[in-house]
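Asks: Okay, so here is target.tsv, and as you'll see once you scroll down, it has TSV, N, CA and C atoms.
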```
chain	number	residue	atom	x	y	z
L	70	MET	N	99.96	-61.67	104.24
L	70	MET	CA	100.77	-60.48	104.35
L	70	MET	C	99.85	-59.27	104.50
L	71	LYS	N	100.20	-58.41	105.41
L	71	LYS	CA	99.40	-57.20	105.63
L	71	LYS	C	99.59	-56.22	104.47
L	72	ASN	N	98.57	-55.45	104.25
L	72	ASN	CA	98.64	-54.42	103.22
L	72	ASN	C	98.79	-53.07	103.92
L	73	SER	N	99.99	-52.80	104.39
L	73	SER	CA	100.25	-51.59	105.14
L	73	SER	C	101.37	-50.80	104.47
L	74	LYS	N	101.31	-49.47	104.61
L	74	LYS	CA	102.37	-48.62	104.05
L	74	LYS	C	103.69	-48.84	104.76
L	75	TYR	N	103.63	-49.24	106.02
L	75	TYR	CA	104.84	-49.32	106.83
L	75	TYR	C	105.51	-50.69	106.81
L	76	LEU	N	104.88	-51.68	106.19
L	76	LEU	CA	105.49	-53.00	106.14
L	76	LEU	C	106.81	-53.00	105.36
L	77	PRO	N	106.94	-52.33	104.22
L	77	PRO	CA	108.25	-52.30	103.55
L	77	PRO	C	109.34	-51.66	104.41
L	78	VAL	N	109.00	-50.66	105.19
L	78	VAL	CA	109.98	-50.02	106.07
L	78	VAL	C	110.41	-51.01	107.16
L	79	GLN	N	109.45	-51.75	107.71
L	79	GLN	CA	109.77	-52.74	108.73
L	79	GLN	C	110.63	-53.86	108.16
L	80	ILE	N	110.33	-54.30	106.95
L	80	ILE	CA	111.12	-55.36	106.32
L	80	ILE	C	112.52	-54.86	106.02
L	81	CYS	N	112.65	-53.62	105.60
L	81	CYS	CA	113.98	-53.04	105.37
L	81	CYS	C	114.79	-53.01	106.66
L	82	ALA	N	114.16	-52.60	107.73
L	82	ALA	CA	114.86	-52.55	109.01
L	82	ALA	C	115.28	-53.95	109.45
L	83	ILE	N	114.40	-54.92	109.31
L	83	ILE	CA	114.74	-56.30	109.69
L	83	ILE	C	115.88	-56.84	108.85
L	84	SER	N	115.81	-56.66	107.54
L	84	SER	CA	116.86	-57.20	106.68
L	84	SER	C	118.20	-56.52	106.92
L	85	LEU	N	118.18	-55.21	107.16
L	85	LEU	CA	119.42	-54.49	107.45
L	85	LEU	C	120.01	-54.96	108.78
L	86	LEU	N	119.16	-55.15	109.78
L	86	LEU	CA	119.64	-55.63	111.07
L	86	LEU	C	120.19	-57.06	110.98
L	87	LEU	N	119.55	-57.91	110.18
L	87	LEU	CA	120.06	-59.27	109.99
L	87	LEU	C	121.46	-59.28	109.38
L	88	VAL	N	121.64	-58.48	108.35
L	88	VAL	CA	122.95	-58.43	107.70
L	88	VAL	C	123.99	-57.78	108.60
L	89	LEU	N	123.63	-56.70	109.27
L	89	LEU	CA	124.57	-56.06	110.19
L	89	LEU	C	124.96	-57.00	111.32
L	90	PHE	N	123.99	-57.72	111.88
L	90	PHE	CA	124.28	-58.67	112.95
L	90	PHE	C	125.24	-59.75	112.47
L	91	SER	N	124.95	-60.32	111.31
L	91	SER	CA	125.81	-61.37	110.77
L	91	SER	C	127.20	-60.84	110.44
L	92	THR	N	127.27	-59.65	109.87
L	92	THR	CA	128.55	-59.07	109.48
L	92	THR	C	129.40	-58.74	110.70
L	93	PHE	N	128.80	-58.12	111.70
L	93	PHE	CA	129.56	-57.77	112.90
L	93	PHE	C	129.91	-59.01	113.72
L	94	LEU	N	129.06	-60.02	113.69
L	94	LEU	CA	129.35	-61.25	114.41
L	94	LEU	C	130.58	-61.95	113.82
L	95	GLU	N	130.73	-61.85	112.51
L	95	GLU	CA	131.88	-62.46	111.84
L	95	GLU	C	133.03	-61.49	111.64
L	96	LYS	N	132.93	-60.30	112.21
L	96	LYS	CA	133.96	-59.26	112.10
L	96	LYS	C	134.34	-59.02	110.64
L	97	PHE	N	133.34	-58.78	109.83
L	97	PHE	CA	133.51	-58.53	108.39
L	97	PHE	C	134.29	-59.64	107.69
L	98	GLY	N	134.10	-60.87	108.12
L	98	GLY	CA	134.71	-62.02	107.46
L	98	GLY	C	136.06	-62.41	108.00
L	99	THR	N	136.61	-61.68	108.95
L	99	THR	CA	137.93	-62.05	109.49
L	99	THR	C	137.83	-63.10	110.57
L	100	PHE	N	136.67	-63.29	111.15
L	100	PHE	CA	136.43	-64.35	112.12
L	100	PHE	C	135.17	-65.10	111.68
L	101	PRO	N	135.25	-65.80	110.55
L	101	PRO	CA	134.05	-66.44	109.99
L	101	PRO	C	133.74	-67.76	110.69
L	102	PHE	N	132.52	-68.19	110.50
L	102	PHE	CA	132.09	-69.48	111.03
L	102	PHE	C	132.20	-70.51	109.92
L	103	TYR	N	133.41	-71.03	109.73
L	103	TYR	CA	133.60	-72.02	108.68
L	103	TYR	C	133.03	-73.38	109.06
L	104	ASN	N	132.73	-73.57	110.32
L	104	ASN	CA	132.21	-74.86	110.76
L	104	ASN	C	130.69	-74.92	110.74
L	105	SER	N	130.05	-73.93	110.16
L	105	SER	CA	128.59	-73.89	110.19
L	105	SER	C	127.95	-74.87	109.22
L	106	GLY	N	128.73	-75.54	108.37
L	106	GLY	CA	128.19	-76.55	107.48
L	106	GLY	C	127.92	-76.06	106.08
L	107	SER	N	127.85	-74.77	105.86
L	107	SER	CA	127.60	-74.26	104.53
L	107	SER	C	128.46	-73.04	104.29
L	108	ARG	N	128.80	-72.81	103.04
L	108	ARG	CA	129.67	-71.69	102.73
L	108	ARG	C	128.93	-70.35	102.79
L	109	TYR	N	127.63	-70.37	102.55
L	109	TYR	CA	126.86	-69.14	102.55
L	109	TYR	C	125.85	-69.16	103.69
L	110	SER	N	125.63	-68.02	104.26
L	110	SER	CA	124.75	-67.91	105.42
L	110	SER	C	123.33	-67.60	104.98
L	111	ASN	N	122.38	-68.26	105.59
L	111	ASN	CA	120.98	-68.00	105.27
L	111	ASN	C	120.54	-66.62	105.73
L	112	ILE	N	121.14	-66.12	106.79
L	112	ILE	CA	120.78	-64.79	107.28
L	112	ILE	C	121.14	-63.73	106.24
L	113	GLU	N	122.31	-63.87	105.63
L	113	GLU	CA	122.72	-62.89	104.62
L	113	GLU	C	121.87	-63.00	103.37
L	114	ILE	N	121.48	-64.20	103.02
L	114	ILE	CA	120.61	-64.36	101.86
L	114	ILE	C	119.25	-63.72	102.14
L	115	LEU	N	118.75	-63.87	103.36
L	115	LEU	CA	117.48	-63.22	103.72
L	115	LEU	C	117.59	-61.71	103.65
L	116	GLY	N	118.76	-61.17	103.95
L	116	GLY	CA	118.97	-59.73	103.89
L	116	GLY	C	118.79	-59.16	102.50
L	117	ILE	N	118.96	-59.97	101.50
L	117	ILE	CA	118.74	-59.54	100.12
L	117	ILE	C	117.34	-59.96	99.64
L	118	LEU	N	116.91	-61.16	100.01
L	118	LEU	CA	115.65	-61.67	99.49
L	118	LEU	C	114.41	-60.97	100.07
L	119	LEU	N	114.46	-60.55	101.31
L	119	LEU	CA	113.30	-59.87	101.89
L	119	LEU	C	112.96	-58.56	101.17
L	120	PRO	N	113.93	-57.66	100.97
L	120	PRO	CA	113.58	-56.44	100.21
L	120	PRO	C	113.20	-56.73	98.76
L	121	LEU	N	113.83	-57.73	98.16
L	121	LEU	CA	113.46	-58.08	96.79
L	121	LEU	C	112.03	-58.61	96.72
L	122	ALA	N	111.63	-59.37	97.74
L	122	ALA	CA	110.25	-59.87	97.77
L	122	ALA	C	109.25	-58.72	97.86
L	123	VAL	N	109.58	-57.70	98.63
L	123	VAL	CA	108.68	-56.55	98.74
L	123	VAL	C	108.59	-55.82	97.41
L	124	LEU	N	109.67	-55.85	96.63
L	124	LEU	CA	109.63	-55.23	95.30
L	124	LEU	C	108.86	-56.08	94.30
L	125	ILE	N	108.93	-57.40	94.42
L	125	ILE	CA	108.37	-58.29	93.41
L	125	ILE	C	106.90	-58.64	93.69
L	126	ILE	N	106.50	-58.76	94.94
L	126	ILE	CA	105.13	-59.17	95.27
L	126	ILE	C	104.07	-58.28	94.62
L	127	PRO	N	104.22	-56.95	94.60
L	127	PRO	CA	103.18	-56.12	93.94
L	127	PRO	C	103.06	-56.36	92.44
L	128	VAL	N	104.04	-56.97	91.82
L	128	VAL	CA	103.92	-57.29	90.40
L	128	VAL	C	102.80	-58.30	90.19
L	129	PHE	N	102.68	-59.26	91.11
L	129	PHE	CA	101.70	-60.33	90.97
L	129	PHE	C	100.39	-60.06	91.69
L	130	PHE	N	100.41	-59.23	92.71
L	130	PHE	CA	99.20	-58.93	93.49
L	130	PHE	C	98.93	-57.44	93.44
L	131	LYS	N	97.92	-57.08	92.70
L	131	LYS	CA	97.62	-55.67	92.44
L	131	LYS	C	97.24	-54.88	93.70
L	132	LYS	N	96.65	-55.56	94.68
L	132	LYS	CA	96.18	-54.84	95.87
L	132	LYS	C	97.34	-54.28	96.71
L	133	TYR	N	98.55	-54.78	96.52
L	133	TYR	CA	99.70	-54.28	97.27
L	133	TYR	C	100.41	-53.12	96.58
L	134	ARG	N	100.16	-52.87	95.33
L	134	ARG	CA	100.87	-51.83	94.58
L	134	ARG	C	100.70	-50.44	95.17
L	135	LYS	N	99.49	-50.12	95.56
L	135	LYS	CA	99.19	-48.76	96.05
L	135	LYS	C	100.00	-48.42	97.31
L	136	ASN	N	100.17	-49.39	98.19
L	136	ASN	CA	100.87	-49.13	99.45
L	136	ASN	C	102.37	-49.45	99.40
L	137	TYR	N	102.77	-50.40	98.59
L	137	TYR	CA	104.18	-50.82	98.59
L	137	TYR	C	105.03	-50.01	97.63
L	138	TRP	N	104.46	-49.60	96.51
L	138	TRP	CA	105.24	-48.89	95.51
L	138	TRP	C	105.11	-47.38	95.66
L	139	ILE	N	105.28	-46.91	96.86
L	139	ILE	CA	105.36	-45.48	97.13
L	139	ILE	C	106.80	-45.07	96.88
L	140	LYS	N	106.99	-43.85	96.45
L	140	LYS	CA	108.34	-43.37	96.10
L	140	LYS	C	109.33	-43.56	97.25
L	141	THR	N	108.94	-43.20	98.46
L	141	THR	CA	109.87	-43.33	99.61
L	141	THR	C	110.19	-44.79	99.91
L	142	ASN	N	109.18	-45.66	99.78
L	142	ASN	CA	109.43	-47.09	100.02
L	142	ASN	C	110.40	-47.66	98.99
L	143	LEU	N	110.20	-47.28	97.74
L	143	LEU	CA	111.08	-47.80	96.68
L	143	LEU	C	112.52	-47.31	96.88
L	144	ILE	N	112.68	-46.05	97.22
L	144	ILE	CA	114.03	-45.51	97.46
L	144	ILE	C	114.67	-46.22	98.64
L	145	LEU	N	113.91	-46.40	99.70
L	145	LEU	CA	114.43	-47.09	100.89
L	145	LEU	C	114.80	-48.53	100.58
L	146	LEU	N	113.98	-49.22	99.82
L	146	LEU	CA	114.27	-50.61	99.46
L	146	LEU	C	115.56	-50.72	98.66
L	147	PHE	N	115.74	-49.83	97.68
L	147	PHE	CA	116.96	-49.88	96.88
L	147	PHE	C	118.19	-49.52	97.69
L	148	ILE	N	118.07	-48.57	98.60
L	148	ILE	CA	119.21	-48.20	99.46
L	148	ILE	C	119.59	-49.37	100.35
L	149	VAL	N	118.60	-50.04	100.93
L	149	VAL	CA	118.89	-51.19	101.81
L	149	VAL	C	119.51	-52.33	101.02
L	150	ILE	N	119.02	-52.58	99.82
L	150	ILE	CA	119.61	-53.64	98.99
L	150	ILE	C	121.07	-53.31	98.67
L	151	ILE	N	121.36	-52.06	98.34
L	151	ILE	CA	122.74	-51.67	98.03
L	151	ILE	C	123.63	-51.79	99.26
L	152	ILE	N	123.18	-51.30	100.41
L	152	ILE	CA	123.98	-51.39	101.63
L	152	ILE	C	124.23	-52.85	102.01
L	153	ASN	N	123.18	-53.68	101.97
L	153	ASN	CA	123.34	-55.09	102.30
L	153	ASN	C	124.29	-55.79	101.35
L	154	THR	N	124.19	-55.47	100.07
L	154	THR	CA	125.09	-56.09	99.09
L	154	THR	C	126.54	-55.70	99.35
L	155	ILE	N	126.80	-54.45	99.64
L	155	ILE	CA	128.16	-54.01	99.92
L	155	ILE	C	128.72	-54.69	101.16
L	156	LEU	N	127.91	-54.77	102.22
L	156	LEU	CA	128.37	-55.44	103.44
L	156	LEU	C	128.65	-56.92	103.21
L	157	ILE	N	127.80	-57.57	102.44
L	157	ILE	CA	128.00	-59.00	102.15
L	157	ILE	C	129.23	-59.21	101.28
L	158	VAL	N	129.44	-58.34	100.30
L	158	VAL	CA	130.63	-58.47	99.44
L	158	VAL	C	131.90	-58.27	100.26
L	159	ILE	N	131.93	-57.30	101.15
L	159	ILE	CA	133.11	-57.09	102.00
L	159	ILE	C	133.35	-58.31	102.88
L	160	THR	N	132.30	-58.85	103.47
L	160	THR	CA	132.43	-60.02	104.34
L	160	THR	C	132.98	-61.21	103.58
L	161	TYR	N	132.41	-61.51	102.42
L	161	TYR	CA	132.87	-62.69	101.68
L	161	TYR	C	134.21	-62.46	101.01
L	162	ALA	N	134.56	-61.23	100.69
L	162	ALA	CA	135.90	-60.95	100.17
L	162	ALA	C	136.94	-61.21	101.26
L	163	ASN	N	136.66	-60.78	102.49
L	163	ASN	CA	137.58	-61.06	103.60
L	163	ASN	C	137.65	-62.55	103.89
L	164	LYS	N	136.52	-63.25	103.83
L	164	LYS	CA	136.54	-64.69	104.04
L	164	LYS	C	137.42	-65.37	103.01
L	165	ASP	N	137.28	-64.96	101.77
L	165	ASP	CA	138.08	-65.55	100.70
L	165	ASP	C	139.55	-65.21	100.86
L	166	TYR	N	139.84	-63.99	101.24
L	166	TYR	CA	141.23	-63.55	101.39
L	166	TYR	C	141.94	-64.29	102.52
L	167	TYR	N	141.25	-64.50	103.64
L	167	TYR	CA	141.87	-65.12	104.81
L	167	TYR	C	141.62	-66.62	104.91
L	168	TRP	N	141.04	-67.23	103.90
L	168	TRP	CA	140.70	-68.65	103.94
L	168	TRP	C	141.91	-69.52	104.25
L	169	LEU	N	142.98	-69.38	103.50
L	169	LEU	CA	144.17	-70.21	103.72
L	169	LEU	C	144.87	-69.87	105.03
L	170	LEU	N	144.99	-68.58	105.35
L	170	LEU	CA	145.62	-68.19	106.60
L	170	LEU	C	144.86	-68.72	107.81
L	171	TRP	N	143.55	-68.78	107.69
L	171	TRP	CA	142.72	-69.26	108.78
L	171	TRP	C	143.04	-70.72	109.09
L	172	TYR	N	143.16	-71.54	108.04
L	172	TYR	CA	143.42	-72.96	108.26
L	172	TYR	C	144.88	-73.25	108.59
L	173	GLU	N	145.81	-72.45	108.08
L	173	GLU	CA	147.22	-72.67	108.39
L	173	GLU	C	147.52	-72.36	109.85
L	174	SER	N	147.03	-71.26	110.36
L	174	SER	CA	147.34	-70.90	111.74
L	174	SER	C	146.47	-71.69	112.71
L	175	GLY	N	145.18	-71.70	112.48
L	175	GLY	CA	144.28	-72.50	113.28
L	175	GLY	C	144.08	-72.05	114.72
L	176	HIS	N	144.74	-71.02	115.17
L	176	HIS	CA	144.62	-70.62	116.56
L	176	HIS	C	144.05	-69.22	116.74
L	177	TRP	N	143.39	-68.69	115.75
L	177	TRP	CA	142.80	-67.38	115.89
L	177	TRP	C	141.58	-67.45	116.79
L	178	THR	N	141.44	-66.43	117.58
L	178	THR	CA	140.22	-66.28	118.37
L	178	THR	C	139.56	-64.98	117.93
L	179	ARG	N	138.45	-64.69	118.52
L	179	ARG	CA	137.74	-63.46	118.15
L	179	ARG	C	138.55	-62.23	118.51
L	180	ASP	N	139.40	-62.32	119.51
L	180	ASP	CA	140.18	-61.16	119.95
L	180	ASP	C	141.44	-60.92	119.12
L	181	ASN	N	142.01	-61.96	118.53
L	181	ASN	CA	143.25	-61.76	117.79
L	181	ASN	C	143.13	-62.15	116.32
L	182	CYS	N	141.99	-61.90	115.70
L	182	CYS	CA	141.86	-62.19	114.28
L	182	CYS	C	142.52	-61.08	113.46
L	183	PRO	N	142.77	-61.35	112.18
L	183	PRO	CA	143.49	-60.37	111.35
L	183	PRO	C	142.66	-59.11	111.11
L	184	PRO	N	143.31	-58.06	110.60
L	184	PRO	CA	142.58	-56.81	110.36
L	184	PRO	C	141.59	-56.95	109.20
L	185	ILE	N	140.59	-56.12	109.24
L	185	ILE	CA	139.57	-56.12	108.19
L	185	ILE	C	140.16	-55.46	106.95
L	186	ARG	N	140.02	-56.11	105.81
L	186	ARG	CA	140.48	-55.55	104.54
L	186	ARG	C	139.29	-54.85	103.89
L	187	TRP	N	139.40	-53.54	103.71
L	187	TRP	CA	138.30	-52.78	103.13
L	187	TRP	C	138.43	-52.65	101.62
L	188	ASP	N	139.58	-52.99	101.06
L	188	ASP	CA	139.77	-52.87	99.61
L	188	ASP	C	139.28	-54.15	98.91
L	189	PHE	N	137.99	-54.39	99.02
L	189	PHE	CA	137.43	-55.63	98.51
L	189	PHE	C	137.52	-55.74	97.00
L	190	TRP	N	137.64	-54.62	96.27
L	190	TRP	CA	137.78	-54.71	94.81
L	190	TRP	C	139.10	-55.38	94.45
L	191	ASN	N	140.19	-55.09	95.20
L	191	ASN	CA	141.46	-55.75	94.93
L	191	ASN	C	141.41	-57.21	95.30
L	192	ILE	N	140.71	-57.55	96.39
L	192	ILE	CA	140.60	-58.95	96.78
L	192	ILE	C	139.81	-59.72	95.74
L	193	ILE	N	138.73	-59.15	95.28
L	193	ILE	CA	137.91	-59.83	94.27
L	193	ILE	C	138.69	-59.99	92.98
L	194	GLY	N	139.47	-58.98	92.60
L	194	GLY	CA	140.26	-59.07	91.38
L	194	GLY	C	141.34	-60.12	91.46
L	195	LYS	N	141.95	-60.32	92.63
L	195	LYS	CA	143.01	-61.32	92.78
L	195	LYS	C	142.45	-62.73	92.84
L	196	SER	N	141.25	-62.90	93.37
L	196	SER	CA	140.70	-64.24	93.52
L	196	SER	C	139.89	-64.69	92.31
L	197	ALA	N	139.56	-63.77	91.42
L	197	ALA	CA	138.72	-64.14	90.27
L	197	ALA	C	139.53	-64.78	89.17
```
Is it possible to give me this structure as structure tokens?

Replies:
Amino acid sequence: MKNSKYLPVQICAISLLLVLFSTFLEKFGTFPFYNSGSRYSNIEILGILLPLAVLIIPVFFKKYRKNYWIKTNLILLFIVIIINTILIVITYANKDYYWLLWYESGHWTRDNCPPIRWDFWNIIGKSA
């Protein structure tokens, strides 16, 4: 791994783009890929694990602390983790909400999928 000031910014951009790509591809969970073989997507997990790795690696390797734990990098990392988490929660809340409707109708396409539910706190409360 390079010891550069800009690597955390690049990793933040990559992880944010991965989560945005996955989220928009699935239309915030209303057109999910249930046939992908797993309930959770590796791309979304990478969107959280990459910024966390940049936060954790300097704990074990002292030579990275000076460049990675800059105030702006830390703020950016936490903002990206929060944004990615919110996007992933909305996506999986919609997946959970439309799970039964998806299998009952069976004829949804990308153009006629149901509307995106933004009130994910109510969905999480009903399914918990």

Asks: Please compute the atom N of Thr99 of chain L-atom CA of Lys164 of chain L distance, one decimal, in Å.

Replies: 5.8 Å

Asks: Just checking: using only C-alpha atoms, which residue out of L:Phe90, L:Phe147, L:Phe129, L:Phe97 ends up closest to Pro77 of chain L?

Replies: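 For Pro77 of chain L, the nearest of the candidates is L:Phe147.
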
Asks: Rounded to one decimal in Å, what is the spacing between atom C of Ile112 of chain L and atom CA of Val88 of chain L?

Replies: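 Going from atom C of Ile112 of chain L over to atom CA of Val88 of chain L covers 5.8 Å.
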
Asks: Quick one: pull the distance between atom C of Asn153 of chain L and atom N of Lys131 of chain L, Å, one decimal.

Replies: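 Interatomic distance here is 27.8 Å.
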
Asks: Env of segment 154-162 of chain L: 5 Å cut, atoms = all atoms listed in the file, seq-sep filter 3 positions within chain, self excluded. Answer as a list in words.

Replies: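 Near neighbours after the sequence-gap exclusion: Phe97, Gly98, Ile150, Ile151, Asp165 and Tyr166 of chain L.
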
Asks: Calculate, to one decimal in Å, the centre and edge lengths of the box along x, y and z of the file that holds all listed atoms of segment 109-127 of chain L with 8 Å of margin on each side, and present them as AutoDock Vina command-line options.

Replies:
```
--center_x 115.3 --center_y -62.8 --center_z 99.9 --size_x 40.6 --size_y 31.1 --size_z 30.8
```

Asks: Using only C-alpha atoms, which of the listed residues (L:Ile148, L:Ile83, L:Val128, L:Leu143) sits closest to Gly116 of chain L?

Replies: L:Ile83
